[in-house]
file upload-v7.pdb (PDB, C-alpha atoms and all ligand atoms)
ATOM      1  CA  MET A  30      34.339  44.946  38.717
ATOM      2  CA  ALA A  31      36.671  41.952  38.502
ATOM      3  CA  GLY A  32      34.484  40.102  41.020
ATOM      4  CA  THR A  33      31.341  40.921  39.027
ATOM      5  CA  SER A  34      32.812  39.722  35.719
ATOM      6  CA  ARG A  35      33.955  36.466  37.421
ATOM      7  CA  LEU A  36      30.422  36.043  38.738
ATOM      8  CA  ILE A  37      29.006  36.615  35.234
ATOM      9  CA  LYS A  38      31.510  34.105  33.799
ATOM     10  CA  LEU A  39      30.532  31.583  36.434
ATOM     11  CA  ASN A  40      26.863  32.213  35.727
ATOM     12  CA  ASN A  41      27.423  31.799  32.035
ATOM     13  CA  LYS A  42      29.226  28.530  32.607
ATOM     14  CA  THR A  43      26.442  27.323  34.870
ATOM     15  CA  LEU A  44      23.860  28.363  32.321
ATOM     16  CA  VAL A  45      25.656  26.506  29.546
ATOM     17  CA  ARG A  46      25.861  23.359  31.721
ATOM     18  CA  CYS A  47      22.163  23.650  32.567
ATOM     19  CA  CYS A  48      21.273  24.062  28.892
ATOM     20  CA  VAL A  49      23.331  21.009  27.906
ATOM     21  CA  ALA A  50      21.688  18.953  30.655
ATOM     22  CA  LEU A  51      18.191  20.151  29.711
ATOM     23  CA  LYS A  52      18.870  19.450  26.047
ATOM     24  CA  ALA A  53      19.897  15.881  26.890
ATOM     25  CA  VAL A  54      16.733  15.340  28.962
ATOM     26  CA  TYR A  55      14.598  16.931  26.229
ATOM     27  CA  ARG A  56      16.176  14.717  23.561
ATOM     28  CA  SER A  57      15.694  11.557  25.588
ATOM     29  CA  LYS A  58      12.043  12.459  26.290
ATOM     30  CA  LEU A  59      11.408  13.229  22.624
ATOM     31  CA  ALA A  60      13.054   9.964  21.645
ATOM     32  CA  LEU A  61      10.873   8.165  24.163
ATOM     33  CA  ILE A  62       7.702   9.793  22.861
ATOM     34  CA  PHE A  63       8.330   9.674  19.124
ATOM     35  CA  ASN A  64      10.692   6.781  18.476
ATOM     36  CA  THR A  65       9.318   3.971  20.562
ATOM     37  CA  GLY A  66       7.049   1.470  18.845
ATOM     38  CA  LYS A  67       3.482   2.586  19.598
ATOM     39  CA  PHE A  68       4.032   6.341  19.786
ATOM     40  CA  ARG A  69       5.618   7.273  16.511
ATOM     41  CA  LEU A  70       5.018  10.824  15.308
ATOM     42  CA  ASN A  71       2.919   9.625  12.400
ATOM     43  CA  ASN A  72       0.568   7.755  14.714
ATOM     44  CA  ILE A  73       0.163  10.795  16.935
ATOM     45  CA  GLN A  74      -0.628  12.982  13.897
ATOM     46  CA  GLN A  75      -3.193  10.459  12.699
ATOM     47  CA  HIS A  76      -4.953  10.316  16.061
ATOM     48  CA  LEU A  77      -5.078  14.101  16.370
ATOM     49  CA  SER A  78      -6.236  14.801  12.796
ATOM     50  CA  CYS A  79      -9.695  15.233  11.315
ATOM     51  CA  CYS A  80     -10.518  13.955   7.844
ATOM     52  CA  ASP A  81     -10.172  16.656   5.203
ATOM     53  CA  LEU A  82     -13.439  15.625   3.538
ATOM     54  CA  CYS A  83     -15.808  14.482   6.310
ATOM     55  CA  ALA A  84     -14.137  15.669   9.560
ATOM     56  CA  ALA A  85     -14.150  12.168  11.089
ATOM     57  CA  ASN A  86     -11.124  11.056  13.108
ATOM     58  CA  VAL A  87      -8.236   9.853  10.995
ATOM     59  CA  GLY A  88      -6.815   6.517  12.052
ATOM     60  CA  ALA A  89      -4.492   4.112  10.270
ATOM     61  CA  SER A  90      -5.594   3.918   6.641
ATOM     62  CA  TYR A  91      -4.977   1.432   3.856
ATOM     63  CA  PHE A  92      -5.197   1.516   0.084
ATOM     64  CA  GLN A  93      -4.523  -1.463  -2.194
ATOM     65  CA  GLU A  94      -3.517  -3.421   0.934
ATOM     66  CA  LYS A  95      -0.695  -0.949   1.657
ATOM     67  CA  ARG A  96      -0.699   1.070   4.829
ATOM     68  CA  LEU A  97      -0.755   4.749   3.920
ATOM     69  CA  ARG A  98       1.658   7.194   5.513
ATOM     70  CA  GLN A  99      -0.793  10.097   5.733
ATOM     71  CA  ALA A 100      -2.879  11.966   8.297
ATOM     72  CA  LEU A 101      -5.499  13.725   6.168
ATOM     73  CA  LEU A 102      -8.167  11.213   5.171
ATOM     74  CA  CYS A 103     -10.250   8.616   6.991
ATOM     75  CA  GLN A 104     -10.563   5.113   5.589
ATOM     76  CA  HIS A 105     -14.133   5.686   4.306
ATOM     77  CA  CYS A 106     -13.147   8.739   2.275
ATOM     78  CA  ILE A 107     -10.104   6.927   0.850
ATOM     79  CA  ASN A 108     -12.406   4.113  -0.272
ATOM     80  CA  ASP A 109     -14.668   6.688  -1.979
ATOM     81  CA  LEU A 110     -11.938   8.444  -4.000
ATOM     82  CA  PRO A 111     -12.556   8.249  -7.776
ATOM     83  CA  PHE A 112      -9.571   6.090  -8.780
ATOM     84  CA  PHE A 113      -9.009   4.632 -12.231
ATOM     85  CA  LYS A 114      -9.372   0.852 -12.314
ATOM     86  CA  GLN A 115      -5.710   0.053 -12.996
ATOM     87  CA  ASP A 116      -6.228  -3.702 -13.380
ATOM     88  CA  ILE A 117      -8.432  -3.202 -16.477
ATOM     89  CA  ILE A 118      -5.727  -1.218 -18.277
ATOM     90  CA  ASN A 119      -2.720  -3.119 -16.889
ATOM     91  CA  GLY A 120      -1.491  -0.045 -15.036
ATOM     92  CA  ASN A 121      -0.957   1.891 -18.276
ATOM     93  CA  LEU A 122      -3.561   4.438 -19.380
ATOM     94  CA  LEU A 123      -2.100   4.261 -22.896
ATOM     95  CA  ASN A 124      -3.752   0.828 -23.145
ATOM     96  CA  TRP A 125      -7.099   2.654 -23.132
ATOM     97  CA  PRO A 126      -7.779   3.404 -26.832
ATOM     98  CA  THR A 127      -9.545   6.730 -26.129
ATOM     99  CA  ILE A 128      -6.550   8.002 -24.197
ATOM    100  CA  LYS A 129      -4.046   6.673 -26.730
ATOM    101  CA  GLN A 130      -5.912   8.498 -29.501
ATOM    102  CA  ALA A 131      -6.115  11.712 -27.478
ATOM    103  CA  LEU A 132      -2.342  11.764 -26.847
ATOM    104  CA  PRO A 133      -0.643  11.493 -30.265
ATOM    105  CA  ASN A 134       3.108  12.054 -30.798
ATOM    106  CA  ILE A 135       4.162  11.199 -27.276
ATOM    107  CA  HIS A 136       7.619   9.919 -26.362
ATOM    108  CA  PHE A 137       6.900   8.020 -23.141
ATOM    109  CA  GLU A 138       5.925   4.372 -22.762
ATOM    110  CA  TYR A 139       3.744   4.329 -19.648
ATOM    111  CA  LEU A 140       1.139   6.738 -18.380
ATOM    112  CA  PHE A 141      -0.086   6.208 -14.877
ATOM    113  CA  ALA A 142      -2.579   8.474 -13.102
ATOM    114  CA  LEU A 143      -4.622   7.974  -9.955
ATOM    115  CA  SER A 144      -7.832   9.638 -11.023
ATOM    116  CA  PRO A 145      -9.568  11.773 -13.632
ATOM    117  CA  TYR A 146      -9.224  15.499 -12.951
ATOM    118  CA  ILE A 147     -12.376  15.748 -10.848
ATOM    119  CA  TYR A 148     -13.450  16.355  -7.242
ATOM    120  CA  PRO A 149     -11.772  16.168  -4.762
ATOM    121  CA  PHE A 150      -8.421  16.063  -6.610
ATOM    122  CA  ASN A 151      -9.110  19.220  -8.652
ATOM    123  CA  ILE A 152      -9.871  21.183  -5.464
ATOM    124  CA  TRP A 153      -6.893  19.736  -3.602
ATOM    125  CA  LEU A 154      -4.505  20.486  -6.458
ATOM    126  CA  ALA A 155      -5.685  24.101  -6.639
ATOM    127  CA  GLN A 156      -5.253  24.402  -2.854
ATOM    128  CA  MET A 157      -1.762  22.956  -3.035
ATOM    129  CA  LYS A 158      -0.728  25.077  -6.005
ATOM    130  CA  TYR A 159      -2.191  28.426  -5.039
ATOM    131  CA  LEU A 160      -2.882  28.280  -1.281
ATOM    132  CA  GLY A 161       0.307  26.548  -0.156
ATOM    133  CA  ARG A 162      -1.288  23.410   1.313
ATOM    134  CA  PHE A 163       2.031  21.531   1.320
ATOM    135  CA  GLU A 164       0.727  18.731   3.547
ATOM    136  CA  LEU A 165      -1.285  17.436   0.587
ATOM    137  CA  ALA A 166       2.001  16.386  -1.076
ATOM    138  CA  ASN A 167       2.351  13.617   1.501
ATOM    139  CA  LEU A 168      -1.193  12.364   0.889
ATOM    140  CA  PHE A 169      -0.691  12.386  -2.892
ATOM    141  CA  ALA A 170       2.694  10.662  -2.647
ATOM    142  CA  SER A 171       1.270   7.960  -0.354
ATOM    143  CA  LEU A 172      -1.670   7.257  -2.666
ATOM    144  CA  LEU A 173       0.613   7.168  -5.722
ATOM    145  CA  TYR A 174       3.064   4.901  -3.922
ATOM    146  CA  ALA A 175       0.406   2.384  -2.872
ATOM    147  CA  GLN A 176      -1.181   2.279  -6.330
ATOM    148  CA  TRP A 177       2.139   2.169  -8.199
ATOM    149  CA  GLN A 178       3.515  -0.618  -5.983
ATOM    150  CA  LYS A 179       0.379  -2.680  -6.493
ATOM    151  CA  THR A 180       0.585  -2.137 -10.247
ATOM    152  CA  MET A 181       4.244  -3.125 -10.346
ATOM    153  CA  GLU A 182       3.410  -6.393  -8.597
ATOM    154  CA  SER A 183       0.800  -7.379 -11.167
ATOM    155  CA  THR A 184       2.193  -6.055 -14.476
ATOM    156  CA  LEU A 185       5.340  -6.348 -16.538
ATOM    157  CA  ILE A 186       6.453  -2.739 -16.066
ATOM    158  CA  PRO A 187      10.225  -2.950 -15.425
ATOM    159  CA  PRO A 188      11.597  -1.472 -12.184
ATOM    160  CA  ALA A 189      12.524   2.225 -12.354
ATOM    161  CA  ASP A 190      16.029   3.597 -11.715
ATOM    162  CA  LEU A 191      15.318   7.271 -11.061
ATOM    163  CA  VAL A 192      12.489   9.664 -10.202
ATOM    164  CA  ILE A 193      12.378  13.258 -11.477
ATOM    165  CA  SER A 194       9.666  15.933 -11.475
ATOM    166  CA  VAL A 195       8.401  18.374 -14.099
ATOM    167  CA  PRO A 196      10.409  21.540 -13.393
ATOM    168  CA  LEU A 197       9.077  25.097 -13.090
ATOM    169  CA  HIS A 198      10.801  28.047 -14.691
ATOM    170  CA  VAL A 199      12.772  29.977 -12.082
ATOM    171  CA  LYS A 200      10.534  33.060 -12.525
ATOM    172  CA  LYS A 201       7.403  31.026 -11.858
ATOM    173  CA  TRP A 202       9.123  29.346  -8.933
ATOM    174  CA  GLN A 203      10.006  32.766  -7.482
ATOM    175  CA  VAL A 204       6.350  33.876  -7.676
ATOM    176  CA  ARG A 205       4.884  30.646  -6.271
ATOM    177  CA  GLY A 206       7.756  29.838  -3.937
ATOM    178  CA  TYR A 207       7.695  26.092  -4.561
ATOM    179  CA  ASN A 208       7.102  23.429  -7.193
ATOM    180  CA  GLN A 209       4.183  21.166  -6.284
ATOM    181  CA  ALA A 210       5.439  18.333  -8.551
ATOM    182  CA  HIS A 211       8.809  18.414  -6.750
ATOM    183  CA  LEU A 212       7.133  18.112  -3.325
ATOM    184  CA  ILE A 213       5.122  15.083  -4.436
ATOM    185  CA  ALA A 214       8.062  13.489  -6.284
ATOM    186  CA  GLN A 215      10.564  13.640  -3.439
ATOM    187  CA  ASP A 216       8.116  12.015  -1.004
ATOM    188  CA  PHE A 217       7.084   9.396  -3.596
ATOM    189  CA  ALA A 218      10.736   8.521  -4.337
ATOM    190  CA  GLN A 219      11.507   8.272  -0.627
ATOM    191  CA  GLN A 220       8.624   5.849  -0.076
ATOM    192  CA  LEU A 221       9.757   3.759  -3.064
ATOM    193  CA  ALA A 222      13.402   3.941  -1.901
ATOM    194  CA  LEU A 223      14.417   5.224  -5.344
ATOM    195  CA  PRO A 224      16.894   8.028  -6.043
ATOM    196  CA  TYR A 225      15.324  11.417  -6.802
ATOM    197  CA  GLU A 226      17.017  14.170  -8.818
ATOM    198  CA  LYS A 227      15.380  17.582  -9.018
ATOM    199  CA  ASP A 228      17.871  19.192 -11.383
ATOM    200  CA  VAL A 229      18.316  16.688 -14.215
ATOM    201  CA  ILE A 230      16.003  18.762 -16.424
ATOM    202  CA  ILE A 231      15.585  22.532 -16.137
ATOM    203  CA  ARG A 232      12.934  24.757 -17.665
ATOM    204  CA  CYS A 233      14.873  27.410 -19.571
ATOM    205  CA  LYS A 234      11.984  29.126 -21.382
ATOM    206  CA  HIS A 235       9.392  31.139 -19.485
ATOM    207  CA  ASN A 236       6.568  30.329 -21.857
ATOM    208  CA  GLN A 237       2.920  31.313 -21.787
ATOM    209  CA  SER A 238       0.380  29.319 -19.816
ATOM    210  CA  GLN A 239      -0.826  26.133 -21.511
ATOM    211  CA  ILE A 240      -4.446  26.699 -20.467
ATOM    212  CA  GLY A 241      -6.876  26.560 -23.377
ATOM    213  CA  LYS A 242      -4.230  25.608 -25.965
ATOM    214  CA  THR A 243      -4.607  22.666 -28.353
ATOM    215  CA  GLY A 244      -2.024  19.895 -28.570
ATOM    216  CA  SER A 245      -0.154  21.472 -31.503
ATOM    217  CA  GLN A 246      -0.230  24.930 -29.857
ATOM    218  CA  ARG A 247       1.167  23.411 -26.677
ATOM    219  CA  ARG A 248       3.945  21.653 -28.616
ATOM    220  CA  LYS A 249       4.858  24.956 -30.309
ATOM    221  CA  ASN A 250       4.707  26.789 -26.977
ATOM    222  CA  LEU A 251       6.971  24.226 -25.313
ATOM    223  CA  ALA A 252       9.520  23.851 -28.134
ATOM    224  CA  ASN A 253      13.012  24.109 -26.596
ATOM    225  CA  ALA A 254      11.476  24.962 -23.221
ATOM    226  CA  PHE A 255      13.547  22.342 -21.377
ATOM    227  CA  LYS A 256      17.237  21.539 -21.184
ATOM    228  CA  LEU A 257      19.165  18.566 -19.870
ATOM    229  CA  LYS A 258      21.274  20.084 -17.110
ATOM    230  CA  GLN A 259      23.383  17.064 -16.266
ATOM    231  CA  GLY A 260      24.219  13.731 -17.869
ATOM    232  CA  LEU A 261      22.762  10.507 -16.518
ATOM    233  CA  ALA A 262      24.649   7.472 -15.249
ATOM    234  CA  SER A 263      24.752   4.665 -17.812
ATOM    235  CA  HIS A 264      22.722   2.276 -15.618
ATOM    236  CA  ILE A 265      19.670   4.596 -15.674
ATOM    237  CA  LYS A 266      17.358   3.066 -18.257
ATOM    238  CA  HIS A 267      13.901   3.663 -16.778
ATOM    239  CA  VAL A 268      12.933   7.089 -15.426
ATOM    240  CA  ILE A 269       9.688   8.116 -13.721
ATOM    241  CA  ILE A 270       8.519  11.694 -14.358
ATOM    242  CA  ILE A 271       6.137  13.022 -11.694
ATOM    243  CA  ASP A 272       3.554  15.625 -12.699
ATOM    244  CA  ASP A 273       0.378  16.843 -11.017
ATOM    245  CA  VAL A 274      -2.005  16.795 -13.995
ATOM    246  CA  VAL A 275      -1.505  15.414 -17.505
ATOM    247  CA  THR A 276      -3.651  17.027 -20.198
ATOM    248  CA  THR A 277      -2.154  16.537 -23.667
ATOM    249  CA  GLY A 278       1.070  14.917 -22.443
ATOM    250  CA  THR A 279       3.119  17.547 -24.321
ATOM    251  CA  THR A 280       5.214  18.638 -21.334
ATOM    252  CA  ALA A 281       6.082  15.084 -20.300
ATOM    253  CA  SER A 282       6.776  14.174 -23.907
ATOM    254  CA  GLU A 283       9.271  17.026 -24.389
ATOM    255  CA  ILE A 284      11.100  15.929 -21.224
ATOM    256  CA  SER A 285      11.021  12.292 -22.369
ATOM    257  CA  LYS A 286      12.758  13.257 -25.639
ATOM    258  CA  LEU A 287      15.611  14.835 -23.688
ATOM    259  CA  LEU A 288      15.914  11.842 -21.367
ATOM    260  CA  LYS A 289      16.077   9.480 -24.320
ATOM    261  CA  SER A 290      18.812  11.578 -25.917
ATOM    262  CA  ALA A 291      20.773  10.872 -22.690
ATOM    263  CA  GLY A 292      20.442   7.087 -23.015
ATOM    264  CA  VAL A 293      17.173   6.404 -21.155
ATOM    265  CA  GLU A 294      15.136   3.619 -22.753
ATOM    266  CA  ILE A 295      11.814   3.729 -20.871
ATOM    267  CA  VAL A 296       9.948   6.724 -19.480
ATOM    268  CA  SER A 297       6.924   6.406 -17.215
ATOM    269  CA  VAL A 298       4.780   9.435 -16.517
ATOM    270  CA  VAL A 299       3.214   9.171 -13.079
ATOM    271  CA  ALA A 300       0.616  11.837 -12.376
ATOM    272  CA  LEU A 301      -2.071  12.475  -9.876
ATOM    273  CA  CYS A 302      -4.747  13.225 -12.455
ATOM    274  CA  LEU A 303      -5.444  12.866 -16.128
ATOM    275  CA  THR A 304      -7.781  15.267 -17.882
ATOM    276  CA  LEU A 305     -10.082  13.038 -19.855
ATOM    277  CA  PRO A 306     -10.417  14.061 -23.526
ATOM    278  CA  LYS A 307     -13.993  15.382 -23.304
ATOM    279  CA  SER A 308     -13.104  17.821 -20.487
ATOM    280  CA  LYS A 309      -9.852  19.145 -21.929
ATOM    281  CA  SER A 310     -10.803  22.794 -21.787
ATOM    282  CA  SER A 311     -11.174  22.891 -18.026
ATOM    283  CA  THR A 312      -7.604  22.406 -16.909
ATOM    284  CA  LYS A 313      -4.158  23.131 -16.031
ATOM    285  CA  ALA A 314      -1.159  25.232 -16.707
TER     286      ALA A 314
HETATM  287 ZN    ZN B   1     -13.525  11.094   5.794
END
call {"tool": "encode", "arguments": {"input": "upload-v7.pdb", "output": "structure tokens"}}
result
Amino acid sequence: MAGTSRLIKLNNKTLVRCCVALKAVYRSKLALIFNTGKFRLNNIQQHLSCCDLCAANVGASYFQEKRLRQALLCQHCINDLPFFKQDIINGNLLNWPTIKQALPNIHFEYLFALSPYIYPFNIWLAQMKYLGRFELANLFASLLYAQWQKTMESTLIPPADLVISVPLHVKKWQVRGYNQAHLIAQDFAQQLALPYEKDVIIRCKHNQSQIGKTGSQRRKNLANAFKLKQGLASHIKHVIIIDDVVTTGTTASEISKLLKSAGVEIVSVVALCLTLPKSKSSTKA
């Protein structure tokens, strides 16, 4: 018995040594494959992926002269996406009189969105929200990053100090399992090299869905729905709020009020889509 247990001990020791050695080889091979210049993981993903819209091969893609860190769309489909012309409105949709009129009583200074709430963004957002297509967060963040960077270069929008996202109530989070705005925001902040805080604002009221409500109904529905969970450092003067779709701006405005009570001077709302006034009835929660 003693001999057998010694044999088992020896075997265990040998096994452990083998595992350590294999692990080292595995790590070095992985490092060789993924970390050396030409063969980065992102490049491999891009070469293996098919475009989400036309099924063509996805290669390196660019938008607004920035290389995009994404593996879902080919260059042709990126060029065809229905973006707002940011240069006409100086990167701020509130400079567009129709939008300014449609969003009264707001407490943020800049509104930036990539596109109206139309195809393919409306389909993608539904897939991300209800079918768990998390990989779309990276595409959205990359597009927002490229467009936002380009806008910052050509306008007088001051640099931001912090990125946050529109929070979900914990009950909604438990049902869905994730917050799509958080997924986009953390990737966007990482690409911009800005700090991201997910818990500055919490949603403390589990209110009814905003679908189909007018601006005043939404304001009433969202009254006291948010709370500032933690104070902000005194140097934080410009905060970016990330949302998926802006409709009446009520949610972002309520959050902006809280941020301003904590010493923030400028709030920019950065969203994927804006529901244009004439199609208000067709949108979001
Ligand atoms: Zn394509």
call {"tool": "closest_residue", "arguments": {"input": "upload-v7.pdb", "among": "A:Ser194, A:Asn86, A:Gln209, A:Thr280", "to": "A:Asn236", "atoms": "all atoms listed in the file"}}
result
A:Thr280
call {"tool": "resolve_selection", "arguments": {"input": "upload-v7.pdb", "expression": "the PyMOL selection byres (((chain A and resi 299) around 10) and not hetatm)", "output": "list of chain:residue names"}}
result
A:Asn121, A:Tyr139, A:Leu140, A:Phe141, A:Ala142, A:Leu143, A:Leu173, A:Trp177, A:Val192, A:Ser194, A:Ala214, A:Ile269, A:Ile270, A:Ile271, A:Asp272, A:Asp273, A:Val274, A:Val275, A:Ala281, A:Val296, A:Ser297, A:Val298, A:Ala300, A:Leu301, A:Cys302, A:Leu303
call {"tool": "resolve_selection", "arguments": {"input": "upload-v7.pdb", "expression": "the PyMOL selection byres (((chain A and resi 254) around 8) and not hetatm)", "output": "mmCIF file with C-alpha atoms, in the coordinates of the input"}}
result
data_model
loop_
_atom_site.group_PDB
_atom_site.id
_atom_site.type_symbol
_atom_site.label_atom_id
_atom_site.label_comp_id
_atom_site.auth_asym_id
_atom_site.auth_seq_id
_atom_site.Cartn_x
_atom_site.Cartn_y
_atom_site.Cartn_z
ATOM 1 C CA ARG A 232 12.934 24.757 -17.665
ATOM 2 C CA CYS A 233 14.873 27.410 -19.571
ATOM 3 C CA LYS A 234 11.984 29.126 -21.382
ATOM 4 C CA HIS A 235 9.392 31.139 -19.485
ATOM 5 C CA ASN A 236 6.568 30.329 -21.857
ATOM 6 C CA ASN A 250 4.707 26.789 -26.977
ATOM 7 C CA LEU A 251 6.971 24.226 -25.313
ATOM 8 C CA ALA A 252 9.520 23.851 -28.134
ATOM 9 C CA ASN A 253 13.012 24.109 -26.596
ATOM 10 C CA PHE A 255 13.547 22.342 -21.377
ATOM 11 C CA LYS A 256 17.237 21.539 -21.184
#
call {"tool": "closest_residue", "arguments": {"input": "upload-v7.pdb", "among": "A:Tyr148, A:Trp125, A:Phe217, A:Tyr207", "to": "A:Ser171", "atoms": "only C-alpha atoms"}}
result
A:Phe217
call {"tool": "resolve_selection", "arguments": {"input": "upload-v7.pdb", "expression": "the PyMOL selection byres (((chain A and resi 95) around 12) and not hetatm)", "output": "PyMOL selection string"}}
result
chain A and resi 89-94+96-99+171-179+220
call {"tool": "residues_near_ligand", "arguments": {"input": "upload-v7.pdb", "ligand": "ligand ZN 1 (chain B)", "cutoff": "7 Å", "atoms": "only C-alpha atoms and all ligand atoms", "output": "ChimeraX atom specification"}}
result
/A:80-85,102-106
call {"tool": "atom_distance", "arguments": {"input": "upload-v7.pdb", "atom1": "atom CA of A:Leu191", "atom2": "atom CA of A:Asn119"}}
result
21.6 Å
call {"tool": "residues_around", "arguments": {"input": "upload-v7.pdb", "residues": "A:Ala262", "least_positions_apart": "3", "cutoff": "10 Å", "atoms": "all atoms listed in the file", "output": "list in words"}}
result
Gln259, Ile265, Lys266, Ala291, Gly292 and Val293 of chain A
call {"tool": "build_atoms", "arguments": {"input": "upload-v7.pdb", "residues": "stretch 271-285 of chain A", "atoms": "N, CA and C atoms", "output": "PDB file, keeping the file's coordinate frame"}}
result
ATOM      1  N   ILE A 271       7.331  12.713 -12.497  1.00  0.00           N
ATOM      2  CA  ILE A 271       6.137  13.022 -11.694  1.00  0.00           C
ATOM      3  C   ILE A 271       5.558  14.371 -12.124  1.00  0.00           C
ATOM      4  N   ASP A 272       4.258  14.371 -12.389  1.00  0.00           N
ATOM      5  CA  ASP A 272       3.554  15.625 -12.699  1.00  0.00           C
ATOM      6  C   ASP A 272       2.257  15.641 -11.893  1.00  0.00           C
ATOM      7  N   ASP A 273       1.647  16.805 -11.754  1.00  0.00           N
ATOM      8  CA  ASP A 273       0.378  16.843 -11.017  1.00  0.00           C
ATOM      9  C   ASP A 273      -0.793  16.458 -11.917  1.00  0.00           C
ATOM     10  N   VAL A 274      -0.910  17.126 -13.066  1.00  0.00           N
ATOM     11  CA  VAL A 274      -2.005  16.795 -13.995  1.00  0.00           C
ATOM     12  C   VAL A 274      -1.452  16.636 -15.404  1.00  0.00           C
ATOM     13  N   VAL A 275      -1.871  15.587 -16.091  1.00  0.00           N
ATOM     14  CA  VAL A 275      -1.505  15.414 -17.505  1.00  0.00           C
ATOM     15  C   VAL A 275      -2.728  15.773 -18.338  1.00  0.00           C
ATOM     16  N   THR A 276      -2.525  16.639 -19.341  1.00  0.00           N
ATOM     17  CA  THR A 276      -3.651  17.027 -20.198  1.00  0.00           C
ATOM     18  C   THR A 276      -3.435  16.506 -21.620  1.00  0.00           C
ATOM     19  N   THR A 277      -2.458  17.062 -22.328  1.00  0.00           N
ATOM     20  CA  THR A 277      -2.154  16.537 -23.667  1.00  0.00           C
ATOM     21  C   THR A 277      -0.880  15.689 -23.653  1.00  0.00           C
ATOM     22  N   GLY A 278      -0.178  15.685 -22.552  1.00  0.00           N
ATOM     23  CA  GLY A 278       1.070  14.917 -22.443  1.00  0.00           C
ATOM     24  C   GLY A 278       2.254  15.622 -23.094  1.00  0.00           C
ATOM     25  N   THR A 279       2.057  16.848 -23.586  1.00  0.00           N
ATOM     26  CA  THR A 279       3.119  17.547 -24.321  1.00  0.00           C
ATOM     27  C   THR A 279       4.342  17.826 -23.441  1.00  0.00           C
ATOM     28  N   THR A 280       4.099  18.306 -22.237  1.00  0.00           N
ATOM     29  CA  THR A 280       5.214  18.638 -21.334  1.00  0.00           C
ATOM     30  C   THR A 280       6.055  17.392 -21.039  1.00  0.00           C
ATOM     31  N   ALA A 281       5.365  16.322 -20.631  1.00  0.00           N
ATOM     32  CA  ALA A 281       6.082  15.084 -20.300  1.00  0.00           C
ATOM     33  C   ALA A 281       6.793  14.521 -21.526  1.00  0.00           C
ATOM     34  N   SER A 282       6.186  14.700 -22.683  1.00  0.00           N
ATOM     35  CA  SER A 282       6.776  14.174 -23.907  1.00  0.00           C
ATOM     36  C   SER A 282       8.065  14.920 -24.263  1.00  0.00           C
ATOM     37  N   GLU A 283       8.061  16.230 -24.108  1.00  0.00           N
ATOM     38  CA  GLU A 283       9.271  17.026 -24.389  1.00  0.00           C
ATOM     39  C   GLU A 283      10.411  16.594 -23.455  1.00  0.00           C
ATOM     40  N   ILE A 284      10.075  16.364 -22.189  1.00  0.00           N
ATOM     41  CA  ILE A 284      11.100  15.929 -21.224  1.00  0.00           C
ATOM     42  C   ILE A 284      11.591  14.526 -21.577  1.00  0.00           C
ATOM     43  N   SER A 285      10.653  13.668 -21.998  1.00  0.00           N
ATOM     44  CA  SER A 285      11.021  12.292 -22.369  1.00  0.00           C
ATOM     45  C   SER A 285      12.026  12.287 -23.522  1.00  0.00           C
TER      46      SER A 285
END
